[in-house]
Amino acid sequence: MKLNPEMRRRLLERGVAETIVESELVELLERGEPLRLKMGFDPSAPDLHLGHAVGLRKLRQLQELGHKVVVIVGDWTAQIGDPSGKSATRPMLTAEQVLSNAETYLAQFFKVVDRDRTETRFQSDWFGPFGLADVIKLTSRFTVAQFLARDDFAKRFQSNQPIAITELLYPLMQAYDSIAIESDIEFGGTDQKFNLLVGRDLQRMMGQRPQQCILVPILVGTDGVRRMGKSLGNYIGLDEPPNDMYGKVMSLPDVSAAMDELADEGGAKSRYTVIDYFDYLTDAPSEELEEMRLGMESGSVNPMDLKKRLAREIVAQFHDHAAAREAESHFERTVQRREMPDDAPTYKIPADLDGKRVSDIIVAAGLASGSTEARRLIDQGAVRLDDQRLTENGPAASIKAGGALRVGRRRIVRLQ
RNA sequence: GGAGGGAUGGGUGAGUGGUUAAAACCACCAGACUGUAAAUCUGGCGUCCGGAAGGGCUACGUAGGUUCGAAUCCUACUCCCUCCA
């Protein structure tokens with residue numbers, strides 16, 4: 001089966017930062033035999049976000065051509081921690097934790113990836129019985145210099161930052177995974193390039209056909225600056241309710257301030273975050289992306305409208321179209337028109353309000369974390385009772401059932 | 001084994017005896033503005049009491065000590081890093 005240019009572009013360019021080796025990869029795909037697509041994950045961080053979805057979409061596309069995904073639960077490498085992460089070593093997870101995390105992970109994973117064309121494997125299958133002799137055999141194939149070629153190791157070495165020996169093991173273990181499952185193509189973010197290449201090398205050394213690598217770009221987070229990541233608090237989780245997902249997309253900065261290094265990693269491609277998101281996470285035709293860019297450049301398109309469309313498409317993808325429409329109208333009502341959302345929680349006003357002030361009720365209703373904050377919010381003019389802005393922390397007796405108490409735009413309760 | 005450096009609020013990081021609930025920046029929250037939860041501008045940002053003015057309490061790795069007064073000085077401990085071997 002010959003890949004036509006259209007397909008080739010869709011498969012190997014959209015949402016792909018780099019392929020290694022492109023010519024081999026194309027040849028392999030055209031051969032038509034079912035391939036094993038390797039995707040590993042770290043069960044210590046089981047939450048998936050849009051950044052992961054970029055790669056998952058790619059897996060899905062290839063599944064639709066008849067290939068098989070092999071997802072590896074990295075229960076051994078999780079104990080080491082990926083060197084690109086901050087903390088070198090992590091606490092061991094118990095077998096139960098691994099299992100439950102894996103479940104959480106896979107539930108999200110299969111929102112995008114086809115479960116029927118997926119095989120799930122645990123690293124402990126092959127690393128459980130791995131002995132010191134095996135470790136020595138494995139490590140003896142590589143040198144320190146080879147590993148210092150890796151950018152983040154090199155940087156840390158030069159700046160006298162610590163590199164744990166176990167961290168050197170990480171790429172080796174990941175590489176061995178490729179041997180264990182006989183991977184044909186491995187997927188990872190561009191920051192995984194080194195690890196994937198070690199897999200290639202090791203396979204060659206051990207007489208397997210070296211895997212191809214598909215490196216997906218790093219998605220910029222909702223701050224528009226750094227890569228999307230849970231610890232950075234700038235992520236949109238695949239699990240999030242439609243309204244949050246929609247709102248978070250709307251909070252993307254119109255113009256990205258993505259750091260240069262993110263661009264180096266094959267991340268931010270345009271200065272408009274929205275366009276990168278459309279590019280990596282939707283099927284919007286590539287010509288349209290260019291129109292969007294021109295439209296924003298010339299000012300003829302309001303970025304908000306593009307973000308709304310993006311938000312709809314993303315919510316539809318991870319929930320459904322009805323949820324997307326619902327989330328949009330929720331956004332329009334509560335944020336744009338500041339109306340009362342239908343799903344606002346209710347709060348039962350206590351019978352005895354003697355001596356209580358509005359600030360006490362705000363805290364009791366969970367609209368502020370403490371009385372200091374509640375008072376502060378009142379001072380700042382953030383508190384509205386039945387659409388009337390409160391200017392002072394009056395007695396709670398003014399609070400009547402049937403109305404609404406609102407703090408800022410998003411915190412609101414119906415009074416009962 | 002030896003020598004040295006460090007540990008500050010969610011993060012980075014100033015601060016070497018009182019004017020420090022602790023600079024600055026980031027994040028976060030709120031207000032204004034806006035067809036965006038964008039951008040920009042303004043304010044806030046330990047906690048408790050108080051309508052307010054104001055007042056408590058807790059906090060600079062841990063435990064003690066010196067002092068009228070300590071994030072700042074001393075002692076011990078824990079952890080981290082660097083260099084030499």
# chains A, B, ... in the order shown; residues from 1 in each chain; ligands from 1
call {"tool": "closest_atom_pairs", "arguments": {"of": "chain B", "to": "chain A", "cutoff": "12 Å", "atoms": "only C-alpha atoms (C1' of nucleotides)", "output": "Markdown table"}}
result
| residue | atom | partner | partner_atom | distance |
| --- | --- | --- | --- | --- |
| B:G10 | C1' | A:Leu232 | CA | 10.7 |
| B:G11 | C1' | A:Leu232 | CA | 9.7 |
| B:C26 | C1' | A:Asp223 | CA | 11.5 |
| B:A27 | C1' | A:Gly233 | CA | 9.1 |
| B:C28 | C1' | A:Gly233 | CA | 10.7 |
| B:C29 | C1' | A:Leu377 | CA | 8.7 |
| B:A30 | C1' | A:Ala382 | CA | 6.1 |
| B:G31 | C1' | A:Gln380 | CA | 6.6 |
| B:A32 | C1' | A:Gly381 | CA | 11.3 |
| B:U34 | C1' | A:Gln336 | CA | 10.0 |
| B:G35 | C1' | A:Gln336 | CA | 7.8 |
| B:U36 | C1' | A:Met304 | CA | 4.9 |
| B:A37 | C1' | A:Ser251 | CA | 4.8 |
| B:A38 | C1' | A:Pro253 | CA | 4.5 |
| B:A39 | C1' | A:Asp254 | CA | 7.4 |
| B:U42 | C1' | A:Gln380 | CA | 11.3 |
| B:G43 | C1' | A:Gln380 | CA | 7.9 |
| B:G44 | C1' | A:Arg376 | CA | 7.8 |
| B:C45 | C1' | A:Glu373 | CA | 9.2 |
| B:G46 | C1' | A:Thr372 | CA | 10.1 |
| B:U47 | C1' | A:Thr372 | CA | 7.6 |
| B:C48 | C1' | A:Thr372 | CA | 8.1 |
| B:C49 | C1' | A:Ser371 | CA | 10.1 |
| B:G50 | C1' | A:Arg375 | CA | 11.1 |
| B:G51 | C1' | A:Asn393 | CA | 7.0 |
| B:A52 | C1' | A:Glu392 | CA | 10.2 |
| B:C80 | C1' | A:Pro162 | CA | 10.6 |
| B:C81 | C1' | A:Gln161 | CA | 8.2 |
| B:U82 | C1' | A:Asn160 | CA | 7.6 |
| B:C83 | C1' | A:Asn160 | CA | 10.7 |
call {"tool": "select_by_dssp", "arguments": {"residues": "segment 133-359 of chain A", "states": "strand (DSSP E or B)", "output": "ChimeraX atom specification"}}
result
/A:185-189,212-216,220,227,237,346-347,357
call {"tool": "write_last_selection", "arguments": {"atoms": "N, CA, C and O atoms", "output": "PDB file, in the first residue's frame"}}
result
ATOM      1  N   ILE A 185       7.874   0.495  16.224  1.00  0.00           N
ATOM      2  CA  ILE A 185       7.919   1.951  16.253  1.00  0.00           C
ATOM      3  C   ILE A 185       7.688   2.364  17.702  1.00  0.00           C
ATOM      4  O   ILE A 185       6.746   1.903  18.343  1.00  0.00           O
ATOM      5  N   GLU A 186       8.557   3.246  18.186  1.00  0.00           N
ATOM      6  CA  GLU A 186       8.313   3.747  19.532  1.00  0.00           C
ATOM      7  C   GLU A 186       7.897   5.200  19.451  1.00  0.00           C
ATOM      8  O   GLU A 186       8.399   5.975  18.626  1.00  0.00           O
ATOM      9  N   PHE A 187       6.998   5.570  20.359  1.00  0.00           N
ATOM     10  CA  PHE A 187       6.471   6.928  20.404  1.00  0.00           C
ATOM     11  C   PHE A 187       6.927   7.628  21.658  1.00  0.00           C
ATOM     12  O   PHE A 187       7.048   7.025  22.715  1.00  0.00           O
ATOM     13  N   GLY A 188       7.168   8.898  21.529  1.00  0.00           N
ATOM     14  CA  GLY A 188       7.534   9.672  22.718  1.00  0.00           C
ATOM     15  C   GLY A 188       7.619  11.137  22.363  1.00  0.00           C
ATOM     16  O   GLY A 188       7.634  11.507  21.184  1.00  0.00           O
ATOM     17  N   GLY A 189       7.667  11.963  23.396  1.00  0.00           N
ATOM     18  CA  GLY A 189       7.869  13.384  23.158  1.00  0.00           C
ATOM     19  C   GLY A 189       9.297  13.613  22.683  1.00  0.00           C
ATOM     20  O   GLY A 189      10.140  12.726  22.776  1.00  0.00           O
ATOM     21  N   GLN A 212      11.596   2.173  14.658  1.00  0.00           N
ATOM     22  CA  GLN A 212      11.491   3.533  14.154  1.00  0.00           C
ATOM     23  C   GLN A 212      11.020   4.411  15.292  1.00  0.00           C
ATOM     24  O   GLN A 212      10.421   3.921  16.247  1.00  0.00           O
ATOM     25  N   CYS A 213      11.320   5.697  15.203  1.00  0.00           N
ATOM     26  CA  CYS A 213      10.913   6.588  16.282  1.00  0.00           C
ATOM     27  C   CYS A 213      10.017   7.685  15.744  1.00  0.00           C
ATOM     28  O   CYS A 213      10.333   8.305  14.728  1.00  0.00           O
ATOM     29  N   ILE A 214       8.918   7.883  16.427  1.00  0.00           N
ATOM     30  CA  ILE A 214       8.065   9.018  16.090  1.00  0.00           C
ATOM     31  C   ILE A 214       8.034   9.944  17.301  1.00  0.00           C
ATOM     32  O   ILE A 214       7.552   9.566  18.373  1.00  0.00           O
ATOM     33  N   LEU A 215       8.616  11.106  17.129  1.00  0.00           N
ATOM     34  CA  LEU A 215       8.695  12.056  18.229  1.00  0.00           C
ATOM     35  C   LEU A 215       7.610  13.095  18.060  1.00  0.00           C
ATOM     36  O   LEU A 215       7.514  13.747  17.026  1.00  0.00           O
ATOM     37  N   VAL A 216       6.787  13.201  19.087  1.00  0.00           N
ATOM     38  CA  VAL A 216       5.700  14.178  18.999  1.00  0.00           C
ATOM     39  C   VAL A 216       6.110  15.460  19.711  1.00  0.00           C
ATOM     40  O   VAL A 216       6.912  15.426  20.633  1.00  0.00           O
ATOM     41  N   VAL A 220       2.545  23.244  24.610  1.00  0.00           N
ATOM     42  CA  VAL A 220       2.687  24.309  25.599  1.00  0.00           C
ATOM     43  C   VAL A 220       1.459  24.294  26.511  1.00  0.00           C
ATOM     44  O   VAL A 220       0.363  23.945  26.095  1.00  0.00           O
ATOM     45  N   ARG A 227       5.999  23.907  29.035  1.00  0.00           N
ATOM     46  CA  ARG A 227       5.374  22.692  28.549  1.00  0.00           C
ATOM     47  C   ARG A 227       4.228  22.321  29.478  1.00  0.00           C
ATOM     48  O   ARG A 227       4.272  22.584  30.671  1.00  0.00           O
ATOM     49  N   GLY A 237      -6.562  18.239  31.917  1.00  0.00           N
ATOM     50  CA  GLY A 237      -6.624  16.790  32.040  1.00  0.00           C
ATOM     51  C   GLY A 237      -7.676  16.181  31.138  1.00  0.00           C
ATOM     52  O   GLY A 237      -8.713  16.785  30.901  1.00  0.00           O
ATOM     53  N   THR A 346     -25.820  24.373  45.845  1.00  0.00           N
ATOM     54  CA  THR A 346     -26.687  25.116  46.754  1.00  0.00           C
ATOM     55  C   THR A 346     -26.079  25.121  48.138  1.00  0.00           C
ATOM     56  O   THR A 346     -25.285  24.263  48.490  1.00  0.00           O
ATOM     57  N   TYR A 347     -26.462  26.136  48.888  1.00  0.00           N
ATOM     58  CA  TYR A 347     -25.984  26.230  50.251  1.00  0.00           C
ATOM     59  C   TYR A 347     -27.160  26.507  51.159  1.00  0.00           C
ATOM     60  O   TYR A 347     -27.968  27.404  50.876  1.00  0.00           O
ATOM     61  N   ARG A 357     -21.623  37.214  60.469  1.00  0.00           N
ATOM     62  CA  ARG A 357     -21.473  38.223  59.425  1.00  0.00           C
ATOM     63  C   ARG A 357     -21.440  37.531  58.065  1.00  0.00           C
ATOM     64  O   ARG A 357     -21.292  36.315  57.991  1.00  0.00           O
TER      65      ARG A 357
END
call {"tool": "atom_distance", "arguments": {"atom1": "atom CA of Glu291 of chain A", "atom2": "atom CA of Phe278 of chain A"}}
result
12.1 Å
call {"tool": "residues_around", "arguments": {"residues": "segment 205-207 of chain A", "least_positions_apart": "3", "cutoff": "9 Å", "atoms": "only C-alpha atoms (C1' of nucleotides)", "output": "PDB file with N, CA, C and O atoms, in the first residue's frame"}}
result
ATOM      1  N   ARG A 141      27.316  -2.694  27.355  1.00  0.00           N
ATOM      2  CA  ARG A 141      27.235  -2.354  25.930  1.00  0.00           C
ATOM      3  C   ARG A 141      27.381  -0.861  25.673  1.00  0.00           C
ATOM      4  O   ARG A 141      27.517  -0.436  24.542  1.00  0.00           O
ATOM      5  N   ILE A 179      13.258  -4.424  23.305  1.00  0.00           N
ATOM      6  CA  ILE A 179      13.651  -5.803  23.018  1.00  0.00           C
ATOM      7  C   ILE A 179      12.538  -6.745  23.468  1.00  0.00           C
ATOM      8  O   ILE A 179      12.109  -7.627  22.723  1.00  0.00           O
ATOM      9  N   ARG A 200      16.794   1.746  19.797  1.00  0.00           N
ATOM     10  CA  ARG A 200      17.225   1.377  18.447  1.00  0.00           C
ATOM     11  C   ARG A 200      18.568   0.673  18.464  1.00  0.00           C
ATOM     12  O   ARG A 200      18.750  -0.394  17.885  1.00  0.00           O
ATOM     13  N   ASP A 201      19.527   1.313  19.157  1.00  0.00           N
ATOM     14  CA  ASP A 201      20.876   0.754  19.220  1.00  0.00           C
ATOM     15  C   ASP A 201      20.874  -0.642  19.831  1.00  0.00           C
ATOM     16  O   ASP A 201      21.506  -1.565  19.323  1.00  0.00           O
ATOM     17  N   LEU A 202      20.168  -0.739  20.933  1.00  0.00           N
ATOM     18  CA  LEU A 202      20.177  -2.015  21.646  1.00  0.00           C
ATOM     19  C   LEU A 202      19.556  -3.120  20.795  1.00  0.00           C
ATOM     20  O   LEU A 202      20.062  -4.237  20.737  1.00  0.00           O
ATOM     21  N   PRO A 210      15.896  -2.646  14.208  1.00  0.00           N
ATOM     22  CA  PRO A 210      15.799  -1.430  15.023  1.00  0.00           C
ATOM     23  C   PRO A 210      14.458  -0.737  14.824  1.00  0.00           C
ATOM     24  O   PRO A 210      13.971  -0.634  13.707  1.00  0.00           O
TER      25      PRO A 210
END
call {"tool": "residues_around", "arguments": {"residues": "U67 of chain B", "least_positions_apart": "4", "cutoff": "12 Å", "atoms": "only C-alpha atoms (C1' of nucleotides)", "output": "list in words"}}
result
G17, G18, C73 and C74 of chain B
call {"tool": "closest_residue", "arguments": {"among": "A:Val73, A:Ala344, A:Val315, A:Met296", "to": "Phe127 of chain A", "atoms": "only C-alpha atoms"}}
result
A:Val73
call {"tool": "atom_distance", "arguments": {"atom1": "atom CA of Thr143 of chain A", "atom2": "atom CA of Gln174 of chain A"}}
result
16.5 Å
call {"tool": "closest_residue", "arguments": {"among": "A:Glu328, A:Asp239, A:Asp342, A:Asp360", "to": "Phe110 of chain A", "atoms": "only C-alpha atoms"}}
result
A:Asp239
call {"tool": "atom_distance", "arguments": {"atom1": "atom CA of Asp386 of chain A", "atom2": "atom CA of Lys348 of chain A"}}
result
15.4 Å
call {"tool": "residues_around", "arguments": {"residues": "A7 of chain B", "least_positions_apart": "5", "cutoff": "10 Å", "atoms": "only C-alpha atoms (C1' of nucleotides)", "output": "number ranges by chain"}}
result
B: 60-61, 79-80
call {"tool": "write_last_selection", "arguments": {"atoms": "N, CA and C atoms (P, O5', C5', C4', C3', O3' and C1' of nucleotides)", "output": "PDB file, in the first residue's frame"}}
result
ATOM      1  P     C B  60      10.624  28.961  61.562  1.00  0.00           P
ATOM      2  O5'   C B  60      11.332  29.440  60.243  1.00  0.00           O
ATOM      3  C5'   C B  60      11.265  28.659  59.026  1.00  0.00           C
ATOM      4  C4'   C B  60      12.161  29.336  58.043  1.00  0.00           C
ATOM      5  C3'   C B  60      13.610  29.401  58.514  1.00  0.00           C
ATOM      6  O3'   C B  60      14.366  28.607  57.607  1.00  0.00           O
ATOM      7  C1'   C B  60      12.822  31.529  57.757  1.00  0.00           C
ATOM      8  P     G B  61      15.588  27.777  58.102  1.00  0.00           P
ATOM      9  O5'   G B  61      15.012  26.310  58.350  1.00  0.00           O
ATOM     10  C5'   G B  61      14.067  25.755  57.452  1.00  0.00           C
ATOM     11  C4'   G B  61      14.026  24.269  57.667  1.00  0.00           C
ATOM     12  C3'   G B  61      14.017  23.865  59.134  1.00  0.00           C
ATOM     13  O3'   G B  61      12.702  23.847  59.641  1.00  0.00           O
ATOM     14  C1'   G B  61      15.698  22.664  57.994  1.00  0.00           C
ATOM     15  P     C B  79      20.997  12.403  57.550  1.00  0.00           P
ATOM     16  O5'   C B  79      20.532  13.326  56.339  1.00  0.00           O
ATOM     17  C5'   C B  79      19.224  13.177  55.797  1.00  0.00           C
ATOM     18  C4'   C B  79      18.903  14.375  54.937  1.00  0.00           C
ATOM     19  C3'   C B  79      19.871  14.645  53.805  1.00  0.00           C
ATOM     20  O3'   C B  79      19.642  13.813  52.690  1.00  0.00           O
ATOM     21  C1'   C B  79      19.402  16.669  54.917  1.00  0.00           C
ATOM     22  P     C B  80      20.867  13.492  51.710  1.00  0.00           P
ATOM     23  O5'   C B  80      21.030  14.867  50.929  1.00  0.00           O
ATOM     24  C5'   C B  80      20.041  15.296  50.006  1.00  0.00           C
ATOM     25  C4'   C B  80      20.411  16.646  49.466  1.00  0.00           C
ATOM     26  C3'   C B  80      21.769  16.714  48.788  1.00  0.00           C
ATOM     27  O3'   C B  80      21.734  16.196  47.471  1.00  0.00           O
ATOM     28  C1'   C B  80      21.536  18.563  50.226  1.00  0.00           C
TER      29        C B  80
END
call {"tool": "decode", "arguments": {"residues": "segment 174-213 of chain A", "atoms": "N, CA and C atoms", "output": "compact mmCIF listing (two decimals), in the first residue's frame"}}
result
# COMPACT_ATOMS: atom_id res chain seq x y z
N GLN A 174 14.50 1.38 29.46
CA GLN A 174 13.49 1.69 28.45
C GLN A 174 13.86 1.02 27.12
N ALA A 175 15.14 1.01 26.85
CA ALA A 175 15.60 0.38 25.61
C ALA A 175 15.33 -1.11 25.65
N TYR A 176 15.54 -1.69 26.80
CA TYR A 176 15.33 -3.13 26.91
C TYR A 176 13.85 -3.47 26.71
N ASP A 177 13.01 -2.57 27.10
CA ASP A 177 11.57 -2.78 26.86
C ASP A 177 11.31 -3.04 25.38
N SER A 178 12.04 -2.32 24.55
CA SER A 178 11.85 -2.48 23.10
C SER A 178 12.21 -3.90 22.67
N ILE A 179 13.26 -4.42 23.30
CA ILE A 179 13.65 -5.80 23.02
C ILE A 179 12.54 -6.75 23.47
N ALA A 180 12.08 -6.52 24.70
CA ALA A 180 11.11 -7.44 25.30
C ALA A 180 9.83 -7.53 24.49
N ILE A 181 9.41 -6.43 23.93
CA ILE A 181 8.13 -6.49 23.21
C ILE A 181 8.32 -6.49 21.69
N GLU A 182 9.57 -6.48 21.27
CA GLU A 182 9.88 -6.45 19.84
C GLU A 182 9.17 -5.29 19.14
N SER A 183 9.55 -4.12 19.61
CA SER A 183 8.91 -2.91 19.11
C SER A 183 9.32 -2.58 17.68
N ASP A 184 8.35 -2.14 16.89
CA ASP A 184 8.65 -1.68 15.54
C ASP A 184 8.74 -0.17 15.47
N ILE A 185 7.87 0.49 16.22
CA ILE A 185 7.92 1.95 16.25
C ILE A 185 7.69 2.36 17.70
N GLU A 186 8.56 3.25 18.19
CA GLU A 186 8.31 3.75 19.53
C GLU A 186 7.90 5.20 19.45
N PHE A 187 7.00 5.57 20.36
CA PHE A 187 6.47 6.93 20.40
C PHE A 187 6.93 7.63 21.66
N GLY A 188 7.17 8.90 21.53
CA GLY A 188 7.53 9.67 22.72
C GLY A 188 7.62 11.14 22.36
N GLY A 189 7.67 11.96 23.40
CA GLY A 189 7.87 13.38 23.16
C GLY A 189 9.30 13.61 22.68
N THR A 190 9.54 14.79 22.18
CA THR A 190 10.88 15.06 21.67
C THR A 190 11.94 14.95 22.76
N ASP A 191 11.50 15.15 24.01
CA ASP A 191 12.46 15.02 25.11
C ASP A 191 12.88 13.56 25.31
N GLN A 192 12.19 12.65 24.64
CA GLN A 192 12.49 11.23 24.78
C GLN A 192 13.44 10.72 23.71
N LYS A 193 13.85 11.61 22.86
CA LYS A 193 14.64 11.21 21.69
C LYS A 193 15.80 10.29 22.05
N PHE A 194 16.56 10.70 23.02
CA PHE A 194 17.73 9.90 23.39
C PHE A 194 17.30 8.49 23.78
N ASN A 195 16.33 8.40 24.65
CA ASN A 195 15.90 7.09 25.13
C ASN A 195 15.44 6.19 23.97
N LEU A 196 14.71 6.79 23.06
CA LEU A 196 14.22 5.98 21.94
C LEU A 196 15.37 5.51 21.06
N LEU A 197 16.37 6.37 20.95
CA LEU A 197 17.50 5.99 20.12
C LEU A 197 18.32 4.88 20.76
N VAL A 198 18.43 4.91 22.08
CA VAL A 198 19.13 3.82 22.76
C VAL A 198 18.41 2.51 22.47
N GLY A 199 17.09 2.58 22.44
CA GLY A 199 16.31 1.39 22.11
C GLY A 199 16.70 0.86 20.74
N ARG A 200 16.79 1.75 19.80
CA ARG A 200 17.22 1.38 18.45
C ARG A 200 18.57 0.67 18.46
N ASP A 201 19.53 1.31 19.16
CA ASP A 201 20.88 0.75 19.22
C ASP A 201 20.87 -0.64 19.83
N LEU A 202 20.17 -0.74 20.93
CA LEU A 202 20.18 -2.02 21.65
C LEU A 202 19.56 -3.12 20.80
N GLN A 203 18.48 -2.77 20.10
CA GLN A 203 17.86 -3.78 19.25
C GLN A 203 18.81 -4.26 18.18
N ARG A 204 19.53 -3.31 17.61
CA ARG A 204 20.50 -3.69 16.58
C ARG A 204 21.54 -4.61 17.17
N MET A 205 22.05 -4.24 18.36
CA MET A 205 23.07 -5.05 19.01
C MET A 205 22.58 -6.46 19.30
N MET A 206 21.31 -6.57 19.60
CA MET A 206 20.79 -7.87 19.99
C MET A 206 20.08 -8.57 18.84
N GLY A 207 20.33 -8.09 17.65
CA GLY A 207 19.85 -8.80 16.49
C GLY A 207 18.38 -8.60 16.14
N GLN A 208 17.77 -7.55 16.69
CA GLN A 208 16.40 -7.24 16.27
C GLN A 208 16.42 -6.12 15.25
N ARG A 209 15.32 -6.04 14.51
CA ARG A 209 15.23 -4.91 13.58
C ARG A 209 15.03 -3.65 14.40
N PRO A 210 15.90 -2.65 14.21
CA PRO A 210 15.80 -1.43 15.02
C PRO A 210 14.46 -0.74 14.82
N GLN A 211 13.91 -0.28 15.92
CA GLN A 211 12.61 0.38 15.85
C GLN A 211 12.72 1.75 15.20
N GLN A 212 11.60 2.17 14.66
CA GLN A 212 11.49 3.53 14.15
C GLN A 212 11.02 4.41 15.29
N CYS A 213 11.32 5.70 15.20
CA CYS A 213 10.91 6.59 16.28
C CYS A 213 10.02 7.69 15.74
